[in-house]
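Dropping entry-v2.pdb in here (PDB, C-alpha atoms):
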```
ATOM      1  CA  MET A  97      -7.558   8.884  18.891
ATOM      2  CA  LYS A  98      -8.043   6.613  15.893
ATOM      3  CA  ARG A  99      -9.085   3.038  16.559
ATOM      4  CA  ALA A 100      -7.940  -0.012  14.587
ATOM      5  CA  LEU A 101      -8.926  -3.677  14.688
ATOM      6  CA  ILE A 102      -6.403  -6.242  13.414
ATOM      7  CA  THR A 103      -7.458  -9.836  12.841
ATOM      8  CA  GLY A 104      -4.794 -12.436  13.491
ATOM      9  CA  ILE A 105      -2.982 -10.152  15.945
ATOM     10  CA  THR A 106      -0.434 -12.818  16.953
ATOM     11  CA  GLY A 107       0.932 -13.226  13.413
ATOM     12  CA  GLN A 108       4.104 -11.813  11.884
ATOM     13  CA  ASP A 109       2.523  -8.968   9.909
ATOM     14  CA  ALA A 110       0.037  -8.064  12.620
ATOM     15  CA  SER A 111       2.766  -7.688  15.238
ATOM     16  CA  TYR A 112       4.644  -5.168  13.084
ATOM     17  CA  LEU A 113       1.425  -3.375  12.133
ATOM     18  CA  ALA A 114       0.354  -3.103  15.772
ATOM     19  CA  GLU A 115       3.709  -1.520  16.608
ATOM     20  CA  LEU A 116       3.313   1.012  13.800
ATOM     21  CA  LEU A 117      -0.239   1.961  14.765
ATOM     22  CA  LEU A 118       0.669   2.346  18.432
ATOM     23  CA  GLU A 119       3.523   4.663  17.420
ATOM     24  CA  LYS A 120       0.988   6.708  15.459
ATOM     25  CA  GLY A 121      -1.258   7.083  18.499
ATOM     26  CA  TYR A 122      -3.952   4.529  17.623
ATOM     27  CA  LYS A 123      -5.981   2.537  20.084
ATOM     28  CA  VAL A 124      -5.268  -0.985  18.802
ATOM     29  CA  PHE A 125      -7.528  -4.006  19.143
ATOM     30  CA  GLY A 126      -6.645  -7.468  17.916
ATOM     31  CA  THR A 127      -8.558 -10.697  17.434
ATOM     32  CA  THR A 128      -7.372 -14.170  18.345
ATOM     33  CA  ARG A 129      -9.071 -17.536  18.089
ATOM     34  CA  ARG A 130      -9.973 -19.220  21.357
ATOM     35  CA  SER A 131      -7.423 -21.952  22.030
ATOM     36  CA  SER A 132      -6.222 -24.077  24.933
ATOM     37  CA  THR A 133      -2.697 -22.826  24.206
ATOM     38  CA  VAL A 134      -2.080 -19.197  23.245
ATOM     39  CA  ASN A 135       1.093 -18.133  21.440
ATOM     40  CA  ASN A 136       1.534 -14.399  21.981
ATOM     41  CA  GLU A 137       5.315 -14.447  21.536
ATOM     42  CA  ARG A 138       5.349 -11.913  18.681
ATOM     43  CA  ILE A 139       3.295  -9.335  20.594
ATOM     44  CA  LYS A 140       4.595  -9.997  24.117
ATOM     45  CA  HIS A 141       6.508  -6.702  24.204
ATOM     46  CA  ILE A 142       3.371  -4.652  23.383
ATOM     47  CA  GLU A 143       0.635  -6.900  24.751
ATOM     48  CA  GLU A 144      -0.258  -4.592  27.641
ATOM     49  CA  LYS A 145      -0.946  -1.798  25.130
ATOM     50  CA  LEU A 146      -3.374  -3.912  23.089
ATOM     51  CA  GLU A 147      -6.990  -4.920  23.631
ATOM     52  CA  ILE A 148      -7.426  -8.579  22.674
ATOM     53  CA  ILE A 149     -10.858  -9.787  21.554
ATOM     54  CA  PRO A 150     -11.738 -13.461  20.953
ATOM     55  CA  ALA A 151     -13.104 -13.885  17.425
ATOM     56  CA  ASP A 152     -12.988 -16.438  14.644
ATOM     57  CA  LEU A 153     -13.135 -16.034  10.854
ATOM     58  CA  LEU A 154     -15.421 -19.082  10.805
ATOM     59  CA  ASP A 155     -17.978 -17.438  13.100
ATOM     60  CA  GLN A 156     -20.011 -14.476  11.855
ATOM     61  CA  ILE A 157     -21.419 -13.487  15.236
ATOM     62  CA  SER A 158     -17.983 -13.246  16.854
ATOM     63  CA  LEU A 159     -16.794 -10.943  14.057
ATOM     64  CA  ASN A 160     -19.854  -8.708  14.417
ATOM     65  CA  ASN A 161     -19.256  -8.560  18.163
ATOM     66  CA  ALA A 162     -15.567  -7.739  17.717
ATOM     67  CA  ILE A 163     -16.500  -4.731  15.582
ATOM     68  CA  LEU A 164     -19.200  -3.639  18.002
ATOM     69  CA  GLU A 165     -16.745  -3.851  20.907
ATOM     70  CA  SER A 166     -13.761  -2.148  19.247
ATOM     71  CA  GLU A 167     -15.641   0.454  17.156
ATOM     72  CA  PRO A 168     -12.720   0.709  14.713
ATOM     73  CA  ASP A 169     -12.043   3.412  12.143
ATOM     74  CA  GLU A 170      -9.848   0.917  10.296
ATOM     75  CA  LEU A 171      -9.949  -2.874  10.091
ATOM     76  CA  TYR A 172      -6.957  -4.869   8.832
ATOM     77  CA  ASN A 173      -7.696  -8.488   7.927
ATOM     78  CA  LEU A 174      -4.401 -10.318   8.438
ATOM     79  CA  ALA A 175      -5.879 -13.592   9.704
ATOM     80  CA  ALA A 176      -5.845 -16.606   7.392
ATOM     81  CA  GLN A 177      -4.623 -20.134   6.940
ATOM     82  CA  SER A 178      -1.448 -18.705   5.459
ATOM     83  CA  PHE A 179       0.888 -21.660   4.849
ATOM     84  CA  VAL A 180       0.725 -22.729   1.200
ATOM     85  CA  LYS A 181       1.854 -26.319   1.822
ATOM     86  CA  THR A 182      -0.862 -26.880   4.438
ATOM     87  CA  SER A 183      -3.521 -25.718   1.981
ATOM     88  CA  TRP A 184      -3.003 -28.912  -0.035
ATOM     89  CA  ASN A 185      -3.710 -31.037   3.057
ATOM     90  CA  GLN A 186      -6.598 -28.854   4.278
ATOM     91  CA  PRO A 187      -8.130 -27.277   1.164
ATOM     92  CA  VAL A 188     -11.669 -26.944   2.525
ATOM     93  CA  LEU A 189     -10.553 -25.377   5.804
ATOM     94  CA  THR A 190      -8.245 -23.046   3.866
ATOM     95  CA  GLY A 191     -11.230 -21.941   1.785
ATOM     96  CA  GLU A 192     -13.339 -21.352   4.886
ATOM     97  CA  PHE A 193     -10.697 -19.181   6.558
ATOM     98  CA  THR A 194      -8.879 -17.513   3.698
ATOM     99  CA  ALA A 195     -11.794 -17.028   1.274
ATOM    100  CA  LEU A 196     -15.150 -17.056   3.086
ATOM    101  CA  GLY A 197     -13.601 -15.499   6.181
ATOM    102  CA  VAL A 198     -13.113 -12.305   4.166
ATOM    103  CA  THR A 199     -16.793 -12.299   3.225
ATOM    104  CA  ARG A 200     -17.797 -12.676   6.852
ATOM    105  CA  ILE A 201     -15.685  -9.669   7.854
ATOM    106  CA  LEU A 202     -17.048  -7.555   5.006
ATOM    107  CA  GLU A 203     -20.584  -8.559   5.964
ATOM    108  CA  ALA A 204     -19.853  -7.538   9.547
ATOM    109  CA  ILE A 205     -18.642  -4.144   8.332
ATOM    110  CA  ARG A 206     -21.646  -3.726   6.017
ATOM    111  CA  THR A 207     -24.165  -4.526   8.746
ATOM    112  CA  VAL A 208     -22.489  -2.899  11.768
ATOM    113  CA  ASN A 209     -20.725   0.161  10.328
ATOM    114  CA  PRO A 210     -20.104   0.534   6.579
ATOM    115  CA  LYS A 211     -17.895   3.587   7.207
ATOM    116  CA  ILE A 212     -15.054   1.415   8.532
ATOM    117  CA  LYS A 213     -12.025   1.396   6.231
ATOM    118  CA  PHE A 214     -11.002  -2.162   5.352
ATOM    119  CA  TYR A 215      -7.664  -3.675   4.346
ATOM    120  CA  GLN A 216      -7.489  -7.175   2.849
ATOM    121  CA  ALA A 217      -4.194  -9.065   2.768
ATOM    122  CA  SER A 218      -4.027 -10.382  -0.786
ATOM    123  CA  SER A 219      -1.012 -12.370  -1.993
ATOM    124  CA  SER A 220       1.419 -12.788  -4.874
ATOM    125  CA  GLU A 221       0.426 -16.476  -4.794
ATOM    126  CA  MET A 222      -2.666 -15.352  -6.715
ATOM    127  CA  PHE A 223      -0.435 -14.890  -9.793
ATOM    128  CA  GLY A 224       0.821 -18.475  -9.545
ATOM    129  CA  LYS A 225       1.775 -19.619 -13.036
ATOM    130  CA  VAL A 226       2.604 -16.112 -14.138
ATOM    131  CA  THR A 227       1.242 -14.759 -17.417
ATOM    132  CA  GLU A 228       3.510 -11.671 -17.510
ATOM    133  CA  THR A 229       6.661 -10.455 -15.792
ATOM    134  CA  PRO A 230       6.881  -8.459 -13.614
ATOM    135  CA  GLN A 231       3.447  -8.886 -12.072
ATOM    136  CA  LYS A 232       1.321  -5.802 -11.452
ATOM    137  CA  GLU A 233      -2.253  -4.992 -10.424
ATOM    138  CA  THR A 234      -3.656  -5.785 -13.883
ATOM    139  CA  THR A 235      -1.805  -9.104 -14.338
ATOM    140  CA  ARG A 236      -4.150 -12.066 -14.766
ATOM    141  CA  PHE A 237      -4.394 -14.387 -11.774
ATOM    142  CA  TYR A 238      -3.460 -18.055 -12.269
ATOM    143  CA  PRO A 239      -3.233 -19.546  -8.740
ATOM    144  CA  ARG A 240      -1.441 -22.874  -8.260
ATOM    145  CA  SER A 241      -2.571 -23.911  -4.785
ATOM    146  CA  PRO A 242      -5.767 -23.999  -2.711
ATOM    147  CA  TYR A 243      -4.258 -21.100  -0.748
ATOM    148  CA  GLY A 244      -3.768 -19.054  -3.925
ATOM    149  CA  VAL A 245      -7.307 -19.831  -5.107
ATOM    150  CA  ALA A 246      -8.740 -18.798  -1.728
ATOM    151  CA  LYS A 247      -6.766 -15.544  -1.829
ATOM    152  CA  VAL A 248      -8.180 -14.775  -5.288
ATOM    153  CA  TYR A 249     -11.698 -15.160  -3.880
ATOM    154  CA  GLY A 250     -10.833 -12.904  -0.935
ATOM    155  CA  HIS A 251      -9.392 -10.331  -3.315
ATOM    156  CA  TYR A 252     -12.398 -10.216  -5.613
ATOM    157  CA  ILE A 253     -14.994 -10.234  -2.834
ATOM    158  CA  THR A 254     -13.194  -7.158  -1.437
ATOM    159  CA  VAL A 255     -13.475  -5.460  -4.832
ATOM    160  CA  ASN A 256     -17.119  -6.519  -5.034
ATOM    161  CA  TYR A 257     -18.070  -5.018  -1.664
ATOM    162  CA  ARG A 258     -16.221  -1.820  -2.567
ATOM    163  CA  GLU A 259     -18.180  -1.495  -5.792
ATOM    164  CA  SER A 260     -21.515  -2.836  -4.499
ATOM    165  CA  TYR A 261     -21.756  -1.116  -1.110
ATOM    166  CA  ASN A 262     -19.311   1.794  -1.466
ATOM    167  CA  ILE A 263     -17.169   0.421   1.372
ATOM    168  CA  PHE A 264     -13.641   1.858   1.608
ATOM    169  CA  ALA A 265     -11.981  -1.504   0.925
ATOM    170  CA  CYS A 266      -8.404  -1.993  -0.274
ATOM    171  CA  SER A 267      -6.335  -5.051  -1.127
ATOM    172  CA  GLY A 268      -2.578  -5.161  -0.771
ATOM    173  CA  ILE A 269      -1.118  -7.758  -3.136
ATOM    174  CA  LEU A 270       1.936  -8.455  -1.026
ATOM    175  CA  PHE A 271       4.833 -10.436  -2.412
ATOM    176  CA  ASN A 272       6.858 -12.627  -0.052
ATOM    177  CA  HIS A 273       7.772 -10.685   3.059
ATOM    178  CA  GLU A 274       9.926 -12.158   5.774
ATOM    179  CA  SER A 275      11.389 -11.251   9.162
ATOM    180  CA  PRO A 276      12.863 -12.786  12.308
ATOM    181  CA  ARG A 277       9.229 -13.258  13.387
ATOM    182  CA  ARG A 278       8.441 -15.572  10.464
ATOM    183  CA  GLY A 279       7.204 -19.044  11.436
ATOM    184  CA  LEU A 280       9.679 -21.926  11.314
ATOM    185  CA  GLU A 281       7.545 -23.752   8.733
ATOM    186  CA  PHE A 282       8.439 -21.151   6.078
ATOM    187  CA  VAL A 283      11.558 -21.855   4.016
ATOM    188  CA  THR A 284      13.274 -18.519   4.733
ATOM    189  CA  ARG A 285      13.062 -18.951   8.497
ATOM    190  CA  LYS A 286      13.918 -22.636   8.185
ATOM    191  CA  ILE A 287      17.131 -21.542   6.479
ATOM    192  CA  SER A 288      18.054 -18.713   8.870
ATOM    193  CA  HIS A 289      17.241 -20.842  11.928
ATOM    194  CA  GLY A 290      19.157 -23.829  10.569
ATOM    195  CA  VAL A 291      22.210 -21.725   9.715
ATOM    196  CA  ALA A 292      22.193 -20.202  13.212
ATOM    197  CA  ARG A 293      22.073 -23.644  14.817
ATOM    198  CA  ILE A 294      24.833 -24.984  12.542
ATOM    199  CA  PHE A 295      26.994 -21.967  13.400
ATOM    200  CA  LEU A 296      26.463 -22.626  17.126
ATOM    201  CA  GLY A 297      27.144 -26.357  16.772
ATOM    202  CA  LYS A 298      23.563 -27.376  17.594
ATOM    203  CA  GLN A 299      22.700 -28.836  14.188
ATOM    204  CA  LYS A 300      24.630 -30.499  11.357
ATOM    205  CA  LYS A 301      22.475 -30.094   8.240
ATOM    206  CA  ILE A 302      19.387 -28.397   6.796
ATOM    207  CA  GLU A 303      16.968 -30.390   4.637
ATOM    208  CA  LEU A 304      15.368 -28.304   1.889
ATOM    209  CA  GLY A 305      13.428 -28.909  -1.305
ATOM    210  CA  ASP A 306      14.127 -27.421  -4.737
ATOM    211  CA  LEU A 307      16.629 -24.555  -4.518
ATOM    212  CA  ARG A 308      15.750 -23.090  -7.924
ATOM    213  CA  PRO A 309      12.403 -21.280  -7.421
ATOM    214  CA  LYS A 310      12.698 -17.497  -7.335
ATOM    215  CA  ARG A 311      10.755 -15.097  -5.144
ATOM    216  CA  ASP A 312      10.496 -11.365  -4.599
ATOM    217  CA  TRP A 313      11.480 -11.227  -0.920
ATOM    218  CA  GLY A 314      11.075  -8.093   1.214
ATOM    219  CA  PHE A 315      11.000  -7.179   4.901
ATOM    220  CA  ALA A 316       7.619  -7.471   6.606
ATOM    221  CA  GLY A 317       8.375  -4.386   8.694
ATOM    222  CA  ASP A 318       8.513  -2.314   5.497
ATOM    223  CA  TYR A 319       5.377  -3.805   3.976
ATOM    224  CA  ILE A 320       3.007  -3.018   6.828
ATOM    225  CA  GLU A 321       3.606   0.687   6.206
ATOM    226  CA  ALA A 322       2.074   0.194   2.748
ATOM    227  CA  MET A 323      -1.033  -1.323   4.354
ATOM    228  CA  TRP A 324      -1.482   1.737   6.534
ATOM    229  CA  LEU A 325      -0.877   4.150   3.641
ATOM    230  CA  MET A 326      -3.615   2.483   1.573
ATOM    231  CA  LEU A 327      -6.211   3.327   4.211
ATOM    232  CA  GLN A 328      -4.989   6.930   4.494
ATOM    233  CA  HIS A 329      -5.401   7.623   0.768
ATOM    234  CA  LYS A 330      -8.519   9.491  -0.355
ATOM    235  CA  GLU A 331      -9.754   6.686  -2.634
ATOM    236  CA  PRO A 332      -9.758   2.921  -1.983
ATOM    237  CA  ASP A 333      -7.787   0.818  -4.461
ATOM    238  CA  ASP A 334      -5.589  -2.267  -4.832
ATOM    239  CA  TYR A 335      -1.789  -2.192  -4.852
ATOM    240  CA  VAL A 336       1.100  -4.550  -5.482
ATOM    241  CA  VAL A 337       3.690  -4.331  -2.698
ATOM    242  CA  ALA A 338       7.074  -5.749  -3.695
ATOM    243  CA  THR A 339      10.787  -4.992  -4.041
ATOM    244  CA  GLY A 340      11.011  -5.451  -7.814
ATOM    245  CA  GLU A 341      13.895  -7.914  -7.354
ATOM    246  CA  ASN A 342      13.817 -11.664  -7.105
ATOM    247  CA  HIS A 343      16.240 -14.200  -5.748
ATOM    248  CA  SER A 344      16.368 -17.982  -5.745
ATOM    249  CA  VAL A 345      16.160 -20.156  -2.652
ATOM    250  CA  LYS A 346      19.781 -21.064  -3.410
ATOM    251  CA  GLU A 347      20.805 -17.385  -3.184
ATOM    252  CA  PHE A 348      19.043 -17.105   0.163
ATOM    253  CA  VAL A 349      20.951 -20.160   1.430
ATOM    254  CA  GLU A 350      24.315 -18.896   0.164
ATOM    255  CA  LEU A 351      23.861 -15.481   1.739
ATOM    256  CA  ALA A 352      22.643 -16.939   5.033
ATOM    257  CA  PHE A 353      25.761 -19.093   5.356
ATOM    258  CA  LYS A 354      27.967 -16.205   4.226
ATOM    259  CA  THR A 355      26.581 -14.175   7.140
ATOM    260  CA  VAL A 356      28.272 -16.619   9.539
ATOM    261  CA  GLY A 357      31.445 -16.938   7.460
ATOM    262  CA  ILE A 358      30.690 -20.301   5.824
ATOM    263  CA  ASP A 359      31.421 -20.461   2.080
ATOM    264  CA  ASP A 360      31.224 -24.236   1.491
ATOM    265  CA  TRP A 361      27.514 -24.301   2.329
ATOM    266  CA  GLU A 362      26.732 -27.294   0.073
ATOM    267  CA  LYS A 363      28.016 -29.790   2.632
ATOM    268  CA  TYR A 364      25.485 -28.533   5.174
ATOM    269  CA  VAL A 365      22.426 -28.678   2.883
ATOM    270  CA  VAL A 366      20.431 -31.736   1.859
ATOM    271  CA  SER A 367      18.169 -31.014  -1.123
ATOM    272  CA  ASN A 368      15.329 -33.544  -0.941
ATOM    273  CA  VAL A 369      13.127 -32.365  -3.794
ATOM    274  CA  SER A 370      10.725 -35.326  -3.838
ATOM    275  CA  SER A 371       9.686 -35.044  -0.175
ATOM    276  CA  HIS A 372       8.988 -31.320  -0.517
ATOM    277  CA  MET A 373       7.226 -31.516  -3.901
ATOM    278  CA  ARG A 374       3.769 -29.969  -4.189
ATOM    279  CA  PRO A 375       1.084 -31.017  -6.692
ATOM    280  CA  ALA A 376       1.640 -27.715  -8.549
ATOM    281  CA  GLU A 377       4.503 -25.263  -8.117
ATOM    282  CA  VAL A 378       5.022 -21.524  -8.462
ATOM    283  CA  ASP A 379       8.478 -20.999  -9.922
ATOM    284  CA  TYR A 380       9.002 -17.311 -10.595
ATOM    285  CA  LEU A 381       7.508 -14.251  -8.913
ATOM    286  CA  ILE A 382       8.635 -10.622  -9.161
ATOM    287  CA  GLY A 383       6.409  -7.627  -8.467
ATOM    288  CA  ASP A 384       6.013  -4.164  -9.954
ATOM    289  CA  SER A 385       5.077  -1.799  -7.108
ATOM    290  CA  SER A 386       5.382   1.382  -9.178
ATOM    291  CA  LYS A 387       1.693   2.207  -8.541
ATOM    292  CA  ALA A 388       2.237   2.127  -4.761
ATOM    293  CA  LYS A 389       5.306   4.300  -5.174
ATOM    294  CA  ARG A 390       3.526   6.800  -7.432
ATOM    295  CA  ILE A 391       0.263   7.115  -5.495
ATOM    296  CA  LEU A 392       1.165   6.237  -1.904
ATOM    297  CA  GLY A 393       4.806   7.300  -1.879
ATOM    298  CA  TRP A 394       5.799   3.839  -0.630
ATOM    299  CA  LYS A 395       9.008   1.998  -1.410
ATOM    300  CA  PRO A 396      10.935  -0.759   0.400
ATOM    301  CA  LYS A 397      13.747   0.318   2.725
ATOM    302  CA  THR A 398      15.422  -3.022   3.469
ATOM    303  CA  SER A 399      17.574  -4.806   0.882
ATOM    304  CA  PHE A 400      17.617  -8.561   0.321
ATOM    305  CA  ASN A 401      21.092  -8.814   1.848
ATOM    306  CA  GLN A 402      20.016  -6.831   4.921
ATOM    307  CA  LEU A 403      16.931  -9.023   5.331
ATOM    308  CA  VAL A 404      18.857 -12.296   5.259
ATOM    309  CA  GLU A 405      21.549 -10.984   7.604
ATOM    310  CA  MET A 406      18.899  -9.655  10.004
ATOM    311  CA  MET A 407      17.138 -13.018  10.162
ATOM    312  CA  VAL A 408      20.287 -15.079  10.688
ATOM    313  CA  LYS A 409      21.648 -12.771  13.403
ATOM    314  CA  ALA A 410      18.290 -12.724  15.209
ATOM    315  CA  ASP A 411      18.168 -16.526  15.186
ATOM    316  CA  ILE A 412      21.728 -16.719  16.537
ATOM    317  CA  GLU A 413      20.791 -14.457  19.442
ATOM    318  CA  GLN A 414      17.620 -16.445  20.085
ATOM    319  CA  GLU A 415      19.488 -19.757  20.079
ATOM    320  CA  LYS A 416      22.172 -18.380  22.397
ATOM    321  CA  SER A 417      19.524 -17.466  24.951
ATOM    322  CA  LYS A 418      18.109 -20.979  25.122
TER     323      LYS A 418
END
```
Can you present the structure in this file as structure tokens?
Amino acid sequence: MKRALITGITGQDASYLAELLLEKGYKVFGTTRRSSTVNNERIKHIEEKLEIIPADLLDQISLNNAILESEPDELYNLAAQSFVKTSWNQPVLTGEFTALGVTRILEAIRTVNPKIKFYQASSSEMFGKVTETPQKETTRFYPRSPYGVAKVYGHYITVNYRESYNIFACSGILFNHESPRRGLEFVTRKISHGVARIFLGKQKKIELGDLRPKRDWGFAGDYIEAMWLMLQHKEPDDYVVATGENHSVKEFVELAFKTVGIDDWEKYVVSNVSSHMRPAEVDYLIGDSSKAKRILGWKPKTSFNQLVEMMVKADIEQEKSK
């Protein structure tokens, strides 16, 4: 039985990855930070099948101990301060978690068991102010937020440990990936949740920022398969994971309302650009995942329309149950 350790086990991606690994017969361990309140909602349905270990990306000893306890064949680092907007308010903490936290995990692997295969969750936010379109593995990074900068550090330290210590370390440069398990602070879930509540008569309007930015949005449940495939390949490498399509926030809004039969969506949306403005913006992202398709045999299964419909319908069911 293979053994896997997933950091940030209570997050969106980790919950889907844990499901996949359990289906494949893995013994799955997950780390969580010690907290007075624990939110295990995303893994509630599989919690009894998981081994949870307290550990913190800010604490080297806890990471070493987590590896010693779980003895993993594969380690997936999905823990981070992952909300871009928050990184402007907490840039130093974001750097500690999202950048130096990767170094601490790699150091734990190097000192405890350098044979562990490592996956690092890199991000399309590293491309930022894009220098070519579509973005691929060789595209120059130009991050536009403390989060993006921290992810660039995490990406390159992963490459460095692979080349310096011969560790099987891969980075998945994942473009935006959403699901019904996405946090409410993210714009996609804010839209799907708001539309569901408007449809059920629980809410009158949704306040959003600029509707023009475009993103390459995929389904998180598809993307975690790419993570797993990277660690099954014979050689470690870095891969862009994306749909190759992009859509504006406005398109997401239109389709979300269309799902519930509302065409005149404008009267339900307040676009307050100034209150949602960031010091620097990323306007246009679209990924080229042809390398992942060619080498790993991976491609997305869920269309943009299916993703939006899935999220809205899930939020309707959740709101009905309250």
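We find atom CA of Pro276 of chain A and atom CA of Phe223 of chain A to be spaced 25.9 Å apart.
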Restrict the calculation to all atoms listed in the file, then for each residue of segment 203-224 of chain A with any atom at most 10 Å from an atom of segment 258-268 of chain A give the closest atom pair and their distance in Å to one decimal, rows by chain and rising residue number, as a Markdown table.
```
| residue | atom | partner | partner_atom | distance |
| --- | --- | --- | --- | --- |
| A:Ile205 | CA | A:Ile263 | CA | 8.5 |
| A:Arg206 | CA | A:Tyr261 | CA | 7.6 |
| A:Asn209 | CA | A:Ile263 | CA | 9.6 |
| A:Pro210 | CA | A:Ile263 | CA | 6.0 |
| A:Lys211 | CA | A:Ile263 | CA | 6.7 |
| A:Ile212 | CA | A:Phe264 | CA | 7.1 |
| A:Lys213 | CA | A:Phe264 | CA | 4.9 |
| A:Phe214 | CA | A:Ala265 | CA | 4.6 |
| A:Tyr215 | CA | A:Cys266 | CA | 5.0 |
| A:Gln216 | CA | A:Ser267 | CA | 4.7 |
| A:Ala217 | CA | A:Gly268 | CA | 5.5 |
| A:Ser218 | CA | A:Gly268 | CA | 5.4 |
| A:Ser219 | CA | A:Gly268 | CA | 7.5 |
| A:Ser220 | CA | A:Gly268 | CA | 9.5 |
```
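Closest to Ala376 of chain A among A:Glu143, A:Pro242, A:Gln177, A:Leu101 is A:Pro242, based on all atoms listed in the file.
Distance-wise, atom CA of Lys387 of chain A and atom CA of Glu405 of chain A end up 28.8 Å apart.
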Next item on the list: Please evaluate the PyMOL selection byres ((chain A and resi 318-331) around 7) against the displayed coordinates and give the resulting residues as a list in words.
Entry: Asp109, Tyr112, Leu113, Lys213, Cys266, Gly268, Phe315, Ala316, Gly317, Pro332, Asp333, Val337, Leu392, Trp394, Pro396 and Lys397 of chain A
Dump as an mmCIF file, in the coordinates of the input, selection limited to C-alpha atoms:
```cif
data_model
loop_
_atom_site.group_PDB
_atom_site.id
_atom_site.type_symbol
_atom_site.label_atom_id
_atom_site.label_comp_id
_atom_site.auth_asym_id
_atom_site.auth_seq_id
_atom_site.Cartn_x
_atom_site.Cartn_y
_atom_site.Cartn_z
ATOM 1 C CA ASP A 109 2.523 -8.968 9.909
ATOM 2 C CA TYR A 112 4.644 -5.168 13.084
ATOM 3 C CA LEU A 113 1.425 -3.375 12.133
ATOM 4 C CA LYS A 213 -12.025 1.396 6.231
ATOM 5 C CA CYS A 266 -8.404 -1.993 -0.274
ATOM 6 C CA GLY A 268 -2.578 -5.161 -0.771
ATOM 7 C CA PHE A 315 11.000 -7.179 4.901
ATOM 8 C CA ALA A 316 7.619 -7.471 6.606
ATOM 9 C CA GLY A 317 8.375 -4.386 8.694
ATOM 10 C CA PRO A 332 -9.758 2.921 -1.983
ATOM 11 C CA ASP A 333 -7.787 0.818 -4.461
ATOM 12 C CA VAL A 337 3.690 -4.331 -2.698
ATOM 13 C CA LEU A 392 1.165 6.237 -1.904
ATOM 14 C CA TRP A 394 5.799 3.839 -0.630
ATOM 15 C CA PRO A 396 10.935 -0.759 0.400
ATOM 16 C CA LYS A 397 13.747 0.318 2.725
#
```
Note to self: Calculated over only C-alpha atoms, which of the candidates A:Lys310, A:Lys416, A:Lys301, A:His343 has the smallest distance to Phe400 of chain A?
What the structure shows: A:His343
Next item on the list: For Tyr243 of chain A, work out the shell of residues within 9 Å, counting only C-alpha atoms and skipping chain neighbours fewer than 5 positions away, then give it as a list in words.
Entry: Gln177, Ser178, Phe179, Val180, Lys181, Thr182, Ser183, Trp184, Pro187, Thr190, Gly191, Thr194, Ala195, Glu221, Met222 and Val248 of chain A
Item checked: Spatial neighbours of Leu174 of chain A, 8 Å, all atoms listed in the file, chain gap at least 2 places, as a ChimeraX atom specification -> /A:102-105,107,109-110,172,176,216-217
Next item on the list: Kindly give the distance, in Å, that separates atom CA of Ala162 of chain A and atom CA of Ala175 of chain A, rounded to a single decimal.
Entry: 13.9 Å
Item checked: Of the listed residues A:Val208, A:Phe348, A:Glu303, A:Arg277, that which approaches Pro168 of chain A most closely, counting only C-alpha atoms -> A:Val208
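Among A:Ile269, A:Leu146, A:Lys389, A:Val366, the residue with the shortest atom-to-atom distance to Thr234 of chain A, counting only C-alpha atoms, is A:Ile269.
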